[in-house]
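Peer 1: Please find run_36.csv (CSV, C-alpha atoms) on the next line:
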```
chain,number,residue,atom,x,y,z
W,16,MET,CA,120.8,88.6,104.7
W,17,THR,CA,122.0,90.2,101.5
W,18,ARG,CA,124.3,93.2,101.3
W,19,ASP,CA,121.5,95.1,99.5
W,20,ARG,CA,119.1,94.5,102.3
W,21,ILE,CA,121.6,95.6,104.9
W,22,ILE,CA,122.3,98.8,103.0
W,23,ARG,CA,118.6,99.6,102.8
W,24,LEU,CA,118.2,99.0,106.5
W,25,ARG,CA,121.0,101.4,107.2
W,26,ARG,CA,119.4,104.0,104.9
W,27,GLU,CA,116.1,103.5,106.8
W,28,ALA,CA,117.8,104.1,110.1
W,29,TRP,CA,119.6,107.2,108.9
W,30,GLY,CA,116.4,108.5,107.3
W,31,PHE,CA,114.6,108.4,110.6
W,32,ALA,CA,117.6,109.8,112.5
W,33,ILE,CA,118.0,112.8,110.2
W,34,GLY,CA,114.3,113.5,110.1
W,35,SER,CA,114.2,113.4,113.9
W,36,ILE,CA,117.0,115.9,114.1
W,37,PHE,CA,115.2,118.3,111.8
W,38,PHE,CA,112.0,118.0,113.9
W,39,ALA,CA,113.8,118.5,117.2
W,40,VAL,CA,115.6,121.6,115.9
W,41,GLY,CA,112.5,123.1,114.5
W,42,ALA,CA,110.7,122.7,117.8
W,43,VAL,CA,113.3,124.8,119.7
W,44,PRO,CA,111.8,128.3,120.3
W,45,GLN,CA,115.2,130.0,120.2
W,46,TYR,CA,115.8,128.5,116.7
W,47,ALA,CA,112.5,129.8,115.5
W,48,GLU,CA,113.3,133.2,116.8
W,49,ALA,CA,116.7,133.2,115.2
W,50,VAL,CA,115.7,132.0,111.7
W,51,GLY,CA,112.1,133.2,111.3
W,52,PRO,CA,108.9,131.3,110.5
W,53,VAL,CA,109.7,130.4,106.9
W,54,ALA,CA,113.0,128.7,107.7
W,55,THR,CA,111.5,127.1,110.8
W,56,ASN,CA,108.6,125.5,108.8
W,57,LEU,CA,111.0,124.6,106.0
W,58,THR,CA,112.9,122.6,108.6
W,59,PHE,CA,109.8,120.6,109.4
W,60,VAL,CA,109.2,120.0,105.7
W,61,VAL,CA,112.6,118.6,105.2
W,62,GLY,CA,112.3,116.4,108.3
W,63,ALA,CA,109.0,115.1,107.1
W,64,VAL,CA,110.5,114.1,103.8
W,65,PHE,CA,113.3,112.1,105.5
W,66,PHE,CA,110.6,110.4,107.7
W,67,THR,CA,108.6,109.4,104.7
W,68,VAL,CA,111.5,108.0,102.7
W,69,ALA,CA,112.6,106.0,105.8
W,70,ALA,CA,109.1,104.8,106.4
W,71,LEU,CA,108.7,103.7,102.8
W,72,ILE,CA,111.9,101.7,103.0
W,73,GLN,CA,110.7,100.0,106.2
W,74,LEU,CA,107.4,99.2,104.6
W,75,ALA,CA,109.1,97.6,101.6
W,76,LEU,CA,111.2,95.5,103.9
W,77,SER,CA,108.1,94.3,106.0
W,78,GLY,CA,107.1,91.4,103.8
W,79,ARG,CA,106.8,93.5,100.7
W,80,GLN,CA,103.0,92.9,100.3
W,81,PRO,CA,99.9,93.1,102.4
W,82,PRO,CA,99.4,90.2,104.8
W,83,ARG,CA,97.4,87.3,103.4
W,84,ARG,CA,95.3,84.6,105.0
W,85,GLY,CA,97.5,82.4,107.1
W,86,THR,CA,100.0,85.1,107.9
W,87,ASN,CA,101.1,84.8,111.5
W,88,PRO,CA,99.9,87.5,113.9
W,89,ALA,CA,103.4,89.0,114.4
W,90,ASP,CA,104.1,89.4,110.7
W,91,ARG,CA,100.6,90.8,110.2
W,92,ALA,CA,101.1,93.4,113.0
W,93,ASP,CA,104.6,94.2,111.7
W,94,TRP,CA,103.3,95.0,108.2
W,95,TRP,CA,100.4,97.1,109.4
W,96,ALA,CA,102.7,99.0,111.8
W,97,ALA,CA,104.9,99.9,108.9
W,98,ALA,CA,102.0,100.8,106.6
W,99,ILE,CA,100.2,103.0,109.2
W,100,GLN,CA,103.4,104.7,110.1
W,101,PHE,CA,104.0,105.5,106.4
W,102,ALA,CA,100.5,106.9,106.2
W,103,GLY,CA,101.3,109.1,109.3
W,104,THR,CA,104.4,110.5,107.6
W,105,LEU,CA,102.3,111.4,104.6
W,106,CYS,CA,100.0,113.3,106.9
W,107,PHE,CA,103.0,115.2,108.2
W,108,ASN,CA,104.1,115.9,104.7
W,109,VAL,CA,100.8,117.5,103.9
W,110,SER,CA,100.6,119.5,107.2
W,111,THR,CA,104.2,120.8,107.1
W,112,THR,CA,103.8,121.9,103.5
W,113,GLU,CA,100.5,123.7,104.2
W,114,ALA,CA,102.1,125.4,107.2
W,115,LEU,CA,105.1,126.5,105.1
W,116,LEU,CA,102.8,128.0,102.4
W,117,THR,CA,100.8,129.7,105.1
W,118,VAL,CA,103.7,131.5,106.6
W,119,MET,CA,105.1,132.4,103.2
W,120,ASP,CA,101.9,134.2,102.2
W,121,SER,CA,101.2,136.2,105.4
W,122,ASP,CA,102.8,138.0,108.2
W,123,ALA,CA,103.4,135.1,110.6
W,124,HIS,CA,103.9,135.1,114.3
W,125,LEU,CA,106.1,132.7,116.2
W,126,SER,CA,103.0,130.7,117.3
W,127,ASP,CA,102.0,130.2,113.7
W,128,GLY,CA,103.3,127.4,111.5
W,129,TRP,CA,103.4,123.6,111.9
W,130,ARG,CA,102.6,121.5,114.9
W,131,PRO,CA,102.0,117.7,114.9
W,132,ASP,CA,98.5,117.2,113.4
W,133,ALA,CA,95.9,114.9,114.9
W,134,PHE,CA,95.8,112.4,112.0
W,135,GLY,CA,99.6,111.9,111.8
W,136,SER,CA,99.9,111.6,115.5
W,137,ILE,CA,97.1,109.1,115.7
W,138,CYS,CA,98.8,107.0,112.9
W,139,PHE,CA,102.0,107.0,114.9
W,140,LEU,CA,100.3,105.9,118.1
W,141,VAL,CA,98.4,103.1,116.3
W,142,SER,CA,101.6,102.0,114.5
W,143,SER,CA,103.6,102.0,117.8
W,144,GLY,CA,100.9,99.8,119.4
W,145,LEU,CA,101.0,97.3,116.5
W,146,ALA,CA,104.8,97.3,116.8
W,147,VAL,CA,104.5,96.3,120.4
W,148,VAL,CA,102.3,93.4,119.3
W,149,ALA,CA,104.8,92.3,116.7
W,150,THR,CA,107.7,92.6,119.2
W,151,ARG,CA,105.9,90.4,121.7
W,152,ASP,CA,106.2,87.4,119.4
W,153,ARG,CA,109.2,88.5,117.4
W,154,HIS,CA,110.6,84.9,117.4
W,155,THR,CA,107.9,84.2,114.7
W,156,LEU,CA,108.6,87.3,112.6
W,157,TRP,CA,109.8,87.1,109.0
W,158,ASP,CA,113.1,88.3,110.5
W,159,THR,CA,113.6,87.7,114.2
W,160,HIS,CA,115.7,90.8,114.5
W,161,ALA,CA,113.1,93.1,112.8
W,162,ARG,CA,111.8,94.4,116.1
W,163,THR,CA,113.6,95.2,119.3
W,164,TRP,CA,112.1,96.2,122.6
W,165,HIS,CA,114.2,99.3,123.0
W,166,GLY,CA,113.2,100.6,119.5
W,167,THR,CA,109.6,99.7,119.9
W,168,TRP,CA,109.1,101.4,123.2
W,169,LEU,CA,111.2,104.5,122.4
W,170,ASN,CA,109.0,105.0,119.4
W,171,MET,CA,105.9,104.4,121.5
W,172,ILE,CA,107.1,107.1,124.0
W,173,GLY,CA,107.9,109.4,121.1
W,174,SER,CA,104.4,108.9,119.6
W,175,VAL,CA,102.9,109.8,122.9
W,176,PHE,CA,104.9,113.0,123.1
W,177,PHE,CA,103.8,113.9,119.5
W,178,GLY,CA,100.2,113.2,120.6
W,179,LEU,CA,100.6,115.6,123.5
W,180,SER,CA,102.1,118.2,121.1
W,181,ALA,CA,99.1,117.8,118.8
W,182,ILE,CA,96.8,118.4,121.8
W,183,GLY,CA,98.8,121.5,122.8
W,184,ALA,CA,98.6,122.8,119.3
W,185,TYR,CA,94.8,122.7,119.3
W,186,VAL,CA,93.5,126.2,118.4
W,187,LEU,CA,90.9,127.5,120.8
W,188,PRO,CA,88.0,128.7,118.7
W,189,THR,CA,87.2,131.6,121.1
W,190,THR,CA,90.6,133.2,121.1
W,191,GLY,CA,92.5,131.7,118.2
W,192,ASP,CA,95.4,130.8,120.5
W,193,LEU,CA,97.0,127.4,121.0
W,194,LEU,CA,95.8,125.4,123.9
W,195,SER,CA,99.5,125.2,125.1
W,196,LEU,CA,102.3,126.5,123.0
W,197,PHE,CA,104.7,125.1,125.7
W,198,TRP,CA,103.5,121.5,125.1
W,199,ALA,CA,103.2,122.0,121.4
W,200,ASN,CA,106.9,122.7,121.3
W,201,LEU,CA,108.1,120.4,124.1
W,202,GLY,CA,106.1,117.4,122.9
W,203,THR,CA,107.6,117.8,119.4
W,204,PHE,CA,111.1,118.1,120.8
W,205,LEU,CA,110.9,115.2,123.2
W,206,GLY,CA,109.1,113.0,120.7
W,207,ALA,CA,111.8,113.7,118.1
W,208,LEU,CA,114.5,112.9,120.6
W,209,CYS,CA,112.9,109.5,121.3
W,210,PHE,CA,112.7,108.7,117.5
W,211,LEU,CA,116.3,109.8,117.1
W,212,ALA,CA,117.5,107.5,119.9
W,213,ALA,CA,115.6,104.6,118.5
W,214,ALA,CA,117.0,105.2,115.0
W,215,LEU,CA,120.6,105.5,116.3
W,216,LEU,CA,120.3,102.3,118.4
W,217,SER,CA,118.9,100.6,115.3
W,218,ARG,CA,121.8,101.8,113.2
W,219,ARG,CA,124.3,100.4,115.6
W,220,SER,CA,122.4,97.0,115.6
W,221,ILE,CA,122.8,96.5,111.8
W,222,HIS,CA,125.9,94.5,111.3
W,223,ALA,CA,127.6,93.1,108.2
W,224,ASP,CA,126.7,89.6,109.3
W,225,GLY,CA,123.0,90.5,108.7
W,226,ALA,CA,121.6,91.1,112.2
W,227,PRO,CA,119.3,94.1,111.6
W,228,ALA,CA,116.9,95.9,113.9
W,229,ALA,CA,114.0,98.0,112.6
W,230,VAL,CA,113.5,101.4,114.1
W,231,SER,CA,109.9,101.1,115.4
```
Any chance you could put this one into structure tokens?
Peer 2:
Amino acid sequence: MTRDRIIRLRREAWGFAIGSIFFAVGAVPQYAEAVGPVATNLTFVVGAVFFTVAALIQLALSGRQPPRRGTNPADRADWWAAAIQFAGTLCFNVSTTEALLTVMDSDAHLSDGWRPDAFGSICFLVSSGLAVVATRDRHTLWDTHARTWHGTWLNMIGSVFFGLSAIGAYVLPTTGDLLSLFWANLGTFLGALCFLAAALLSRRSIHADGAPAAVS
């Protein structure tokens, strides 16, 4: 394992960790009340950017190209997990930016602004499922340390919480209210904590001797 690769893996882990912190903080109602809707949604925008940068690094390290015929199942699942996760972060980039522009152009309420969107949450769930597949046969991966069970399942649980948050953030057409503001916030907060734990455990697993562990 080259020094450059180790440095990139560390940056990947830190990117997911910092992004998770921003999402967790942004989901705390007391924080939203203290700083207002614009700063709250800017917090999610910054978090989404860190997620995307980290996901791009992970994708670049996952074989560097789409799987070809003859690629073993674990490597194929690993690459698609990284690619779909990257797509999910792009969805969050779009939705967080749209939410920020919305609250900047109108008199927003605390219930306005960003919540995990359905497309991004689905991408995270699918990515986590593929990561489980890759971890199951990780002894055949391009790097046997690329997936770990603790990272895989922490990210799976985090993706489930983000999915619950997206459901809670569904806007009822009859009233215009969220289905559950409580779960919209709590799902985001708990999901972000799971992603943070996975990233920090991954960061500790990257040693100078070249024994890395990806974060999802």
Peer 1: When you look at Val64 (chain W) with a cut-off of 12 Å (counting all atoms listed in the file), what residues show up, excluding the ones that are within fewer than 2 positions of it in the same chain? I need them as a count of residues only.
Peer 2: 30
Peer 1: Rounded to one decimal place, report the CA of Leu205 (chain W)-CA of Ala146 (chain W) distance in Å.
Peer 2: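 Here the two named atoms are 20.0 Å from each other.
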Peer 1: Any idea what the distance is between CA of Gln73 (chain W) and CA of Ala199 (chain W)?
Peer 2: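 CA of Ala199 (chain W) lies 27.8 Å from CA of Gln73 (chain W).
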Peer 1: Which one of W:Thr190, W:Thr86, W:Thr163, W:Gln100 sits closest to Phe134 (chain W) if you count only C-alpha atoms?
Peer 2: W:Gln100
Peer 1: Measuring between all atoms listed in the file, which one of W:Thr117, W:Thr55, W:Ser174, W:Ser142 shows the shortest distance to Ala96 (chain W)?
Peer 2: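 Smallest distance to Ala96 (chain W) is found for W:Ser142.
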Peer 1: Could you check how far CA of Ile182 (chain W) sits from CA of Asp132 (chain W), in Å to one decimal?
Peer 2: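 Distance between the two atoms: 8.7 Å.
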Peer 1: With a distance cut-off of 8 Å and all atoms listed in the file, select the neighbouring residues of Pro88 (chain W), excluding the residue or stretch itself and same-chain residues fewer than 3 positions from it, and output the selection as a list in words.
Peer 2: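 My list of contacting residues is Arg91, Ala92 and Ala149 of chain W.
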Peer 1: Mind checking which residues fall within 12 Å of Arg151 (chain W), counting only C-alpha atoms, ignoring those fewer than 6 positions away in the same chain, and posting them as a VMD selection string?
Peer 2: chain W and resid 88 to 90 92 to 93 144 to 145 159 161 to 164 167 to 168
